[in-house]
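Undergrad: My questions all concern the structure below.
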Amino acid sequence: MKNLIIVESPAKAKTIKNFLDSDYEVIASKGHIRDLPKSSFGIKIDGENFIPDYRIDKDHKEIVEKITTMAKKAKTTYIATDEDREGEAIGFHITQAIGKDVQTFPRIVFHEITKTAIKNALKSPRNIDMDKVNAQQARRLLDRIVGFKLSGLISSKINRGLSAGRVQSAALKIIVDKEREIRAFVPVDYYTIDAIFEGAIQAELSVYKGEKVKKQGITNEQLAQDMLKTLKNSSFIVGEILKKPKKSPTLPPFMTSTLQQSSSSLLGYSPSRTMGIAQKLYEGVETDNGVMGVITYMRTDSLNIAKEAQDSAREKISNDFGEKYLPPKPKNYVTKNKSAQEAHEAIRPTNIFFTPQIAKSYLKPDELKVYTLIYNRFLASQMEDAVFESQSITFVCDKGEFKASGRKLIFDGYYKLLGNDDKDKLLPDLLPGSNIKLENIQSNKHTTEPPARYSEASLIKTLESLGIGRPSTYAPTVSLLQNREYIVVEKKQILPQESAFKVTEMLEAHFNEIVDSKFSASMEDKLDDIAQHKEDWQKVLMDFYGPFMEKISDGKLNIASQKVIIPTGEFCPKCGKELVKRIGRYGEFIACSGYPKCKYIKPQEPLEADIGETSEVCEKCGKPMVKKRGRNGEFMACSGYPECKNTKSLKNPSSKPQSLVEVKCPECGGEILLRNSRRGSFYGCSNYPKCNFISNYKPINEKCPKCGYIMSDRTYRGKHIHECIKCKHRIEVEAEQ
């Protein structure tokens, strides 16, 4: 009779199995095996209690039967799902699905998937933490209430297919508010007086006639010119010279939010792509010591570091860089997030001697980049600070004072590993009180810039600082906003679409608490309190549900329809009013803005029509070629059709199909391209015809939990889902993750 260990991921199961002897079997549940139904509300309200209608997905029935059979035969069945609340809940649902009391299953947790960590976890099992389970259950039901009830209202009042959610709507308002700020921005001109002194020393006017020059400069052009004339003929001496050492402290190791931010800024990876790669590194990859997890758990808001990891890092620093780069004692960091799970660890390599140079032989290129980022950040966090010499010199005349600043690197510290992009700006050695020649002086005009739009990295940083969401929700929230087409990301900038403004305006007017960052943060705090046995999860839900449903009922009656319409610049041939683009049940169409008085709808162009003869002849049959228009634009076709079916594209032959840079072909590793055919658009491998991989729906950087193949992003029966291209396994993507 063997012991059974149940995890959620097949890759994780494979890695753990390598560490254990034949007394253990390891099986994966392949994610959540029970969840709320996809096609209905799935929550029964009985007085003050919420009763969820959890169901086993049909795609998980086979694995549940297998787990049940193995658990009955096992000597001991261990629950070994991830250490966060989501993992705790998955473990709970496994016990319920196989029909046993939750406390009969020992629960083991570990921060890294290594042999030592697994062995130690088996020595000290605990019970499933029902407080954590209830916290996750409250989040799930709260998100279903908001997503199901509010999304339906928004779809009926604005456009079909739109959604709202407790975290996503708060994040969307942040993006919309930034865009409003940009649109309302009024640029202001200002001027600076800049000088070059003997020795090519650049300095800026800091004091004029005893008054400090304002940070934003001089806003009056005439005043700037008068100041310039006064200063131009002045004689200057060297004033105060300051030199003082200034430390550049080491950065802490990564937690989830900072990893996503750095990966976006330095590697150009989206949050979802970063987390997908980190998941692989955590669950297990081939190393020189066999298959093992090479980083610790990647969904964390803690900066704790295990003592053994610190000791290994200090040994590595001493051997590679020398004692002067080693601090007197290990460095510890504390997160600013008061709700951080301090029992967890920061993201770090599990083996400091598995260097990026060694890892290069085992990891894929994108995995190596993320691993190197994590490895170097952790090792650098245990090195000595860098030290600069801060320098400043003032140049004084009877009317004003100029200031020049510089710095010099005295000790490189952790820059020895991470490098330093900031070059030294050295100032010459001068004597206070000595005369110095003014070589050039001029007034320079500047214009204030509008605030920058959010990038994915800066949005996540803002969400974290406001307490909106938790490490597991940052990447899904950004992806969800993109999938719902509320935002687009262009050149790393997040641009809200018209639907984002419409939805945000409606929520601000009628459901202000949903888009209020303080409300969202306070709800996260309540979920944390549930996990710590300080709040009752049923009461938290009821306190929210009653007032919320009153607003939903009121909204159905009193919120006016606010359909998204887009002007076209064309005019109605019947009444002369402007034609607008609308979104209906069957997609986009162009109609009169005077509806319902004028019900004109512009006829759609036929899918294929002759639009003119050409002087070219068909190279196959010699008949004239004609120009046609199809759903994918204009093309040339033989006039002898259907006997001759020769066609020729009129598109620029140098143009290439769009490449999905984040997704590689699962069959050959080639690029996946968006192509067009007479039957519409599809996604295919760039190595065609050698590789015949195709998909009718957009492939995404996500593996199927059932068969491990690539997933696609699509809409099915009005719902947004991820579907496996191979086995058709479907996962509904709800309004809130």
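Just remember, in the structure tokens the first chain shown is A, the second B, etc., residues are 1-based per chain, and ligands are 1-based in the order shown.
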Using only C-alpha atoms, which residues sit within 7 Å of His60 (chain A) once same-chain residues fewer than 4 positions away are excluded, as a CSV table (one decimal) with C-alpha atoms, in the first residue's frame?

TA:
chain,number,residue,atom,x,y,z
A,33,ILE,CA,-11.8,20.1,-10.1
A,56,ILE,CA,-17.2,18.9,-11.1
A,64,VAL,CA,-11.6,12.7,-10.1

Undergrad: As a count of residues only, please: the residues near region 267-270 of chain A (cut-off 8 Å, only C-alpha atoms, same-chain neighbours under 5 positions excluded).

TA: 4

Undergrad: Could you pull out the helix (DSSP H, G or I) residues of region 20-126 of chain A, going by DSSP on the backbone, and write them as a ChimeraX atom specification?

TA: /A:58-73,85-97,102-104,115-123

Undergrad: So which one's closest to Lys461 (chain A), A:Gln222, A:Ile174, A:Ile241, A:Phe354? Using only C-alpha atoms, please.

TA: A:Ile174

Undergrad: Using only C-alpha atoms for the distances, tell me which of A:Glu384, A:Asp177, A:Glu62, A:Glu732 is nearest to Lys331 (chain A).

TA: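 Nearest candidate to Lys331 (chain A) out of A:Glu384, A:Asp177, A:Glu62, A:Glu732: A:Glu384.
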
Undergrad: Which is closest to Tyr282 (chain A) among A:Ile94, A:Cys724, A:Ile16, A:Cys397, if we use only C-alpha atoms?

TA: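 Closest candidate: A:Ile16.
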
Undergrad: Got a sec to tell me which of region 472-503 of chain A DSSP assigns to strand (DSSP E), as a PyMOL selection string?

TA: chain A and resi 487-490+493-496

Undergrad: For Pro253 (chain A), which residue among A:Met227, A:Ala164, A:Gln382, A:Arg314 is the nearest when counting only C-alpha atoms?

TA: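 Answer, going by the shortest atom-to-atom distance: A:Gln382.
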
Undergrad: Could you list, as a PyMOL selection string, every residue within 12 Å of Leu223 (chain A), counting only C-alpha atoms and ignoring same-chain residues fewer than 3 positions away?

TA: chain A and resi 190-193+208+217-220+226-230+443

Undergrad: Go ahead and save the picked residues with C-alpha atoms, as a short mmCIF file (atom, residue, chain, number, x, y, z; two decimals), in the first residue's frame.

TA:
data_model
loop_
_atom_site.label_atom_id
_atom_site.label_comp_id
_atom_site.auth_asym_id
_atom_site.auth_seq_id
_atom_site.Cartn_x
_atom_site.Cartn_y
_atom_site.Cartn_z
CA TYR A 190 8.60 78.07 -19.09
CA TYR A 191 12.21 79.22 -19.38
CA THR A 192 15.53 78.34 -17.77
CA ILE A 193 18.77 80.33 -17.76
CA TYR A 208 18.35 85.46 -8.71
CA GLY A 217 11.42 77.66 -14.14
CA ILE A 218 10.47 81.20 -15.23
CA THR A 219 7.01 81.43 -16.81
CA ASN A 220 7.40 84.98 -18.20
CA ASP A 226 15.69 90.72 -18.72
CA MET A 227 17.42 88.28 -16.34
CA LEU A 228 19.61 87.05 -19.20
CA LYS A 229 20.77 90.61 -20.05
CA THR A 230 21.56 91.33 -16.41
CA SER A 443 17.61 81.35 -22.08
#

Undergrad: Please, what distance in Å, to one decimal, runs between CA of Ser124 (chain A) and CA of Ile79 (chain A)?

TA: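 Interatomic distance, CA of Ser124 (chain A) to CA of Ile79 (chain A): 12.6 Å.
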
Undergrad: Pick out the closest residue to Glu204 (chain A) from this set: A:Asp525, A:Pro428, A:Phe402, A:Pro705. Count only C-alpha atoms.

TA: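 That would be A:Phe402, the residue with the smallest distance to Glu204 (chain A).
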
Undergrad: Given the choices A:Asn134, A:Thr300, A:Ser155, A:Asn120, which gets closest to Pro52 (chain A) if the distance is worked out from only C-alpha atoms?

TA: A:Asn134

Undergrad: Near region 1-9 of chain A, within 9 Å and counting only C-alpha atoms, which residues show up once chain neighbours fewer than 4 positions away are dropped, as a PyMOL selection string?

TA: chain A and resi 13-14+22-32+67+70-71+73-82+87+90-91+94+283+705
